[in-house]
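Chemist: Sharing upload_22.cif (mmCIF, C-alpha atoms) below.
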```cif
data_coords
loop_
_atom_site.group_PDB
_atom_site.id
_atom_site.type_symbol
_atom_site.label_atom_id
_atom_site.label_comp_id
_atom_site.auth_asym_id
_atom_site.auth_seq_id
_atom_site.Cartn_x
_atom_site.Cartn_y
_atom_site.Cartn_z
ATOM 1 C CA GLN A 27 99.491 156.168 129.950
ATOM 2 C CA VAL A 28 99.117 152.521 130.998
ATOM 3 C CA GLN A 29 99.938 150.716 134.219
ATOM 4 C CA VAL A 30 100.966 147.058 134.191
ATOM 5 C CA VAL A 31 101.156 144.549 137.035
ATOM 6 C CA GLU A 32 102.610 141.052 136.746
ATOM 7 C CA SER A 33 101.498 137.947 138.613
ATOM 8 C CA GLY A 34 101.883 134.201 138.483
ATOM 9 C CA GLY A 35 105.507 133.727 139.417
ATOM 10 C CA GLY A 36 106.659 131.095 141.851
ATOM 11 C CA LEU A 37 108.823 128.065 142.482
ATOM 12 C CA VAL A 38 108.648 125.166 140.043
ATOM 13 C CA GLN A 39 110.733 122.100 139.347
ATOM 14 C CA ALA A 40 112.705 121.746 136.164
ATOM 15 C CA GLY A 41 110.482 120.497 133.379
ATOM 16 C CA GLY A 42 107.427 122.123 134.901
ATOM 17 C CA SER A 43 105.185 124.914 133.677
ATOM 18 C CA LEU A 44 103.995 128.328 134.805
ATOM 19 C CA ILE A 45 101.697 130.967 133.362
ATOM 20 C CA LEU A 46 102.544 134.597 133.989
ATOM 21 C CA SER A 47 99.920 137.294 133.645
ATOM 22 C CA CYS A 48 100.282 141.032 133.154
ATOM 23 C CA ALA A 49 97.185 143.083 133.931
ATOM 24 C CA ALA A 50 96.979 146.494 132.273
ATOM 25 C CA SER A 51 94.957 149.528 133.271
ATOM 26 C CA GLY A 52 94.716 153.060 131.990
ATOM 27 C CA ARG A 53 94.688 153.764 128.281
ATOM 28 C CA THR A 54 93.256 151.279 125.800
ATOM 29 C CA PHE A 55 95.295 148.109 126.064
ATOM 30 C CA SER A 56 95.063 147.417 122.349
ATOM 31 C CA SER A 57 96.957 150.653 121.696
ATOM 32 C CA TYR A 58 100.111 148.967 122.966
ATOM 33 C CA ALA A 59 102.528 146.377 121.738
ATOM 34 C CA MET A 60 103.767 144.312 124.654
ATOM 35 C CA GLY A 61 106.840 142.408 125.705
ATOM 36 C CA TRP A 62 108.261 140.168 128.391
ATOM 37 C CA PHE A 63 111.789 140.604 129.708
ATOM 38 C CA ARG A 64 113.694 138.862 132.476
ATOM 39 C CA GLN A 65 116.661 139.580 134.672
ATOM 40 C CA ALA A 66 118.613 136.981 136.607
ATOM 41 C CA PRO A 67 120.854 137.903 139.559
ATOM 42 C CA ALA A 68 124.067 139.602 138.461
ATOM 43 C CA LYS A 69 122.980 139.492 134.809
ATOM 44 C CA GLU A 70 121.715 142.031 132.327
ATOM 45 C CA ARG A 71 118.026 142.246 131.558
ATOM 46 C CA GLU A 72 117.204 140.171 128.508
ATOM 47 C CA PHE A 73 114.387 140.011 126.030
ATOM 48 C CA VAL A 74 112.040 137.019 126.228
ATOM 49 C CA ALA A 75 109.074 137.596 123.902
ATOM 50 C CA ALA A 76 107.083 140.327 122.161
ATOM 51 C CA ILE A 77 103.603 140.601 120.701
ATOM 52 C CA ASP A 78 101.909 143.182 118.530
ATOM 53 C CA TRP A 79 98.756 145.079 119.449
ATOM 54 C CA SER A 80 96.416 142.503 117.947
ATOM 55 C CA GLY A 81 98.170 139.354 119.143
ATOM 56 C CA GLY A 82 98.583 138.219 115.560
ATOM 57 C CA ASN A 83 102.362 138.522 115.488
ATOM 58 C CA THR A 84 104.874 137.304 118.035
ATOM 59 C CA TYR A 85 108.642 137.212 118.395
ATOM 60 C CA TYR A 86 110.797 135.115 120.742
ATOM 61 C CA ALA A 87 114.309 134.949 122.035
ATOM 62 C CA ASP A 88 116.096 131.856 120.759
ATOM 63 C CA SER A 89 116.556 130.633 124.327
ATOM 64 C CA VAL A 90 112.799 130.256 124.867
ATOM 65 C CA LYS A 91 111.531 129.517 121.364
ATOM 66 C CA GLY A 92 109.414 126.379 121.334
ATOM 67 C CA ARG A 93 108.979 126.414 125.134
ATOM 68 C CA PHE A 94 107.320 129.767 125.864
ATOM 69 C CA THR A 95 104.194 131.286 124.307
ATOM 70 C CA ILE A 96 103.209 134.930 124.537
ATOM 71 C CA SER A 97 99.570 135.864 124.063
ATOM 72 C CA ARG A 98 97.124 138.595 124.941
ATOM 73 C CA ASP A 99 93.417 139.075 125.554
ATOM 74 C CA ASN A 100 92.519 142.652 124.699
ATOM 75 C CA ALA A 101 88.999 142.210 126.064
ATOM 76 C CA LYS A 102 90.505 141.385 129.455
ATOM 77 C CA ASN A 103 93.396 143.876 129.207
ATOM 78 C CA THR A 104 95.796 141.057 129.985
ATOM 79 C CA LEU A 105 99.069 139.771 128.597
ATOM 80 C CA TYR A 106 100.220 136.192 129.219
ATOM 81 C CA LEU A 107 103.397 134.164 129.089
ATOM 82 C CA GLN A 108 102.942 130.399 129.064
ATOM 83 C CA MET A 109 106.227 128.799 130.109
ATOM 84 C CA ASN A 110 106.733 125.068 129.549
ATOM 85 C CA SER A 111 109.723 122.760 129.966
ATOM 86 C CA LEU A 112 111.257 125.194 132.401
ATOM 87 C CA LYS A 113 114.981 125.008 133.086
ATOM 88 C CA PRO A 114 117.022 126.276 136.042
ATOM 89 C CA GLU A 115 118.523 128.900 133.738
ATOM 90 C CA ASP A 116 115.035 130.399 133.305
ATOM 91 C CA THR A 117 115.211 131.567 136.924
ATOM 92 C CA ALA A 118 114.802 135.348 136.926
ATOM 93 C CA VAL A 119 112.506 138.243 137.671
ATOM 94 C CA TYR A 120 110.090 138.498 134.762
ATOM 95 C CA SER A 121 108.682 141.882 133.799
ATOM 96 C CA CYS A 122 106.129 142.933 131.260
ATOM 97 C CA ALA A 123 106.451 146.156 129.321
ATOM 98 C CA ALA A 124 104.271 148.265 127.045
ATOM 99 C CA ARG A 125 105.058 150.530 124.117
ATOM 100 C CA ILE A 126 102.769 152.533 121.872
ATOM 101 C CA ALA A 127 101.833 150.374 118.888
ATOM 102 C CA ASN A 128 103.137 151.709 115.583
ATOM 103 C CA PRO A 129 102.321 149.864 112.338
ATOM 104 C CA TYR A 130 105.481 151.276 110.736
ATOM 105 C CA VAL A 131 107.785 149.834 113.379
ATOM 106 C CA PRO A 132 108.632 146.140 112.932
ATOM 107 C CA LEU A 133 107.904 143.799 115.805
ATOM 108 C CA VAL A 134 111.604 143.041 116.149
ATOM 109 C CA ALA A 135 111.929 146.516 117.645
ATOM 110 C CA GLY A 136 110.216 144.996 120.653
ATOM 111 C CA THR A 137 113.398 143.111 121.516
ATOM 112 C CA LEU A 138 114.945 146.339 122.797
ATOM 113 C CA ALA A 139 114.024 147.364 126.330
ATOM 114 C CA SER A 140 114.695 151.001 125.467
ATOM 115 C CA ASN A 141 111.736 150.969 123.071
ATOM 116 C CA TYR A 142 109.268 150.415 125.896
ATOM 117 C CA ASN A 143 107.636 153.226 127.822
ATOM 118 C CA TYR A 144 105.929 151.437 130.708
ATOM 119 C CA TRP A 145 107.148 148.649 132.960
ATOM 120 C CA GLY A 146 105.777 146.513 135.750
ATOM 121 C CA GLN A 147 107.580 145.674 138.978
ATOM 122 C CA GLY A 148 108.234 142.087 137.981
ATOM 123 C CA THR A 149 107.437 138.641 139.333
ATOM 124 C CA GLN A 150 109.989 136.103 140.511
ATOM 125 C CA VAL A 151 110.264 132.762 138.745
ATOM 126 C CA THR A 152 112.521 130.158 140.341
ATOM 127 C CA VAL A 153 113.180 126.821 138.671
ATOM 128 C CA SER A 154 114.779 124.166 140.849
ATOM 129 C CA SER A 155 116.894 121.361 139.432
#
```
Is it possible to give me this structure as structure tokens?

Modeler:
Amino acid sequence: QVQVVESGGGLVQAGGSLILSCAASGRTFSSYAMGWFRQAPAKEREFVAAIDWSGGNTYYADSVKGRFTISRDNAKNTLYLQMNSLKPEDTAVYSCAARIANPYVPLVAGTLASNYNYWGQGTQVTVSS
């Protein structure tokens, strides 16, 4: 079992940048593929980005491709989300999630929230226009 805690959210102006972190504890962090999801008020939770256990493969939602970068440092048990060129529509609670890494499951499976076993509480990101 792994526990994950997000940090780094806040208020930023449109066009600005933020870095979110997700600190993991418990079982070996490199045993898990990781993902970022977000949920805006009155909207469904949506996939943002996913990364495999090694950090060598990533996958992004079209809405953030080219602006956001997911990465991980297994030595520090930490997942990151670098967010650039932020837009008001990026305003949401951002959550990280962990699922047991499986080499036979394609990374695209990480776009589905139901495939994740462990979730953090989330961190609020607000982008002002």

Chemist: Could you state which residues are captured by the PyMOL selection byres ((chain A and resi 45) around 9) in this file, as number ranges by chain?

Modeler: A: 33-35, 43-44, 46-47, 106-110

Chemist: Determine, counting all atoms listed in the file, which protein, DNA and RNA residues have an atom within 10 Å of an atom of Ser56 of chain A; residues of the same chain fewer than 3 positions away are not included. Present the result as a list in words.

Modeler: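 Result of the neighbour search: Arg53, Ala59, Met60, Asp78, Trp79, Ser80, Gly81, Arg98, Asp99, Asn100, Ala101, Asn103, Thr104, Ile126 and Ala127 of chain A.
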
Chemist: Return as JSON the centre and edge lengths, in Å with one decimal, of the box along x, y and z that encloses every atom of segment 87-92 of chain A in the file, padded by 5 Å per side.

Modeler:
```
{"center_x": 113.0, "center_y": 130.7, "center_z": 122.8, "size_x": 17.1, "size_y": 18.6, "size_z": 14.1}
```

Chemist: Between atom CA of Gly36 of chain A and atom CA of Ser140 of chain A, measure the distance and give it in Å to one decimal.

Modeler: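 It comes out at 27.0 Å.
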
Chemist: Just how far from atom CA of Pro114 of chain A is atom CA of Tyr142 of chain A, in Å to one decimal?

Modeler: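 The value is 27.3 Å.
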
Chemist: Run the PyMOL selection byres ((chain A and resi 147) around 7) on the file and write out the hits as a list in words.

Modeler: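 Applying the PyMOL selection byres ((chain A and resi 147) around 7) to the structure shown produces Val31, Ser121, Trp145, Gly146 and Gly148 of chain A.
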
Chemist: By how many Å are atom CA of Ile77 of chain A and atom CA of Ser51 of chain A apart?

Modeler: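 If I compute the distance from atom CA of Ile77 of chain A to atom CA of Ser51 of chain A, I get 17.7 Å.
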
Chemist: I'd like to know which of A:Gln29, A:Ala135, A:Gly41, A:Thr152 is closest to Phe55 of chain A, using only C-alpha atoms.

Modeler: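 Smallest separation from Phe55 of chain A among the options: A:Gln29.
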
Chemist: Under the rule that all atoms listed in the file are counted, which of A:Gly82, A:Leu37, A:Thr54, A:Ala124 is the nearest residue to Ala139 of chain A?

Modeler: A:Ala124

Chemist: List the residues matched by the PyMOL selection byres ((chain A and resi 74) around 9) in the displayed structure as a PyMOL selection string, ordered by chain and then by residue number.

Modeler: chain A and resi 61-64+72-73+75-76+85-91+94+120+137

Chemist: For Asn128 of chain A, which of A:Ala50, A:Ala40, A:Tyr58, A:Glu115 is the closest residue, counting all atoms listed in the file?

Modeler: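 Looking at the shortest contact to Asn128 of chain A, the residue is A:Tyr58.
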
Chemist: Pick from A:Ala49, A:Val153, A:Val28, A:Val134: nearest to Ala118 of chain A, with all atoms listed in the file counted?

Modeler: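 Among the listed residues, A:Val153 lies closest to Ala118 of chain A.
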
Chemist: Of the candidates A:Ser97, A:Asn83, A:Asp116, A:Gln27, which shows the shortest atom-to-atom distance to Leu133 of chain A, using all atoms listed in the file?

Modeler: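 Going through A:Ser97, A:Asn83, A:Asp116, A:Gln27 one by one, the smallest distance to Leu133 of chain A is for A:Asn83.
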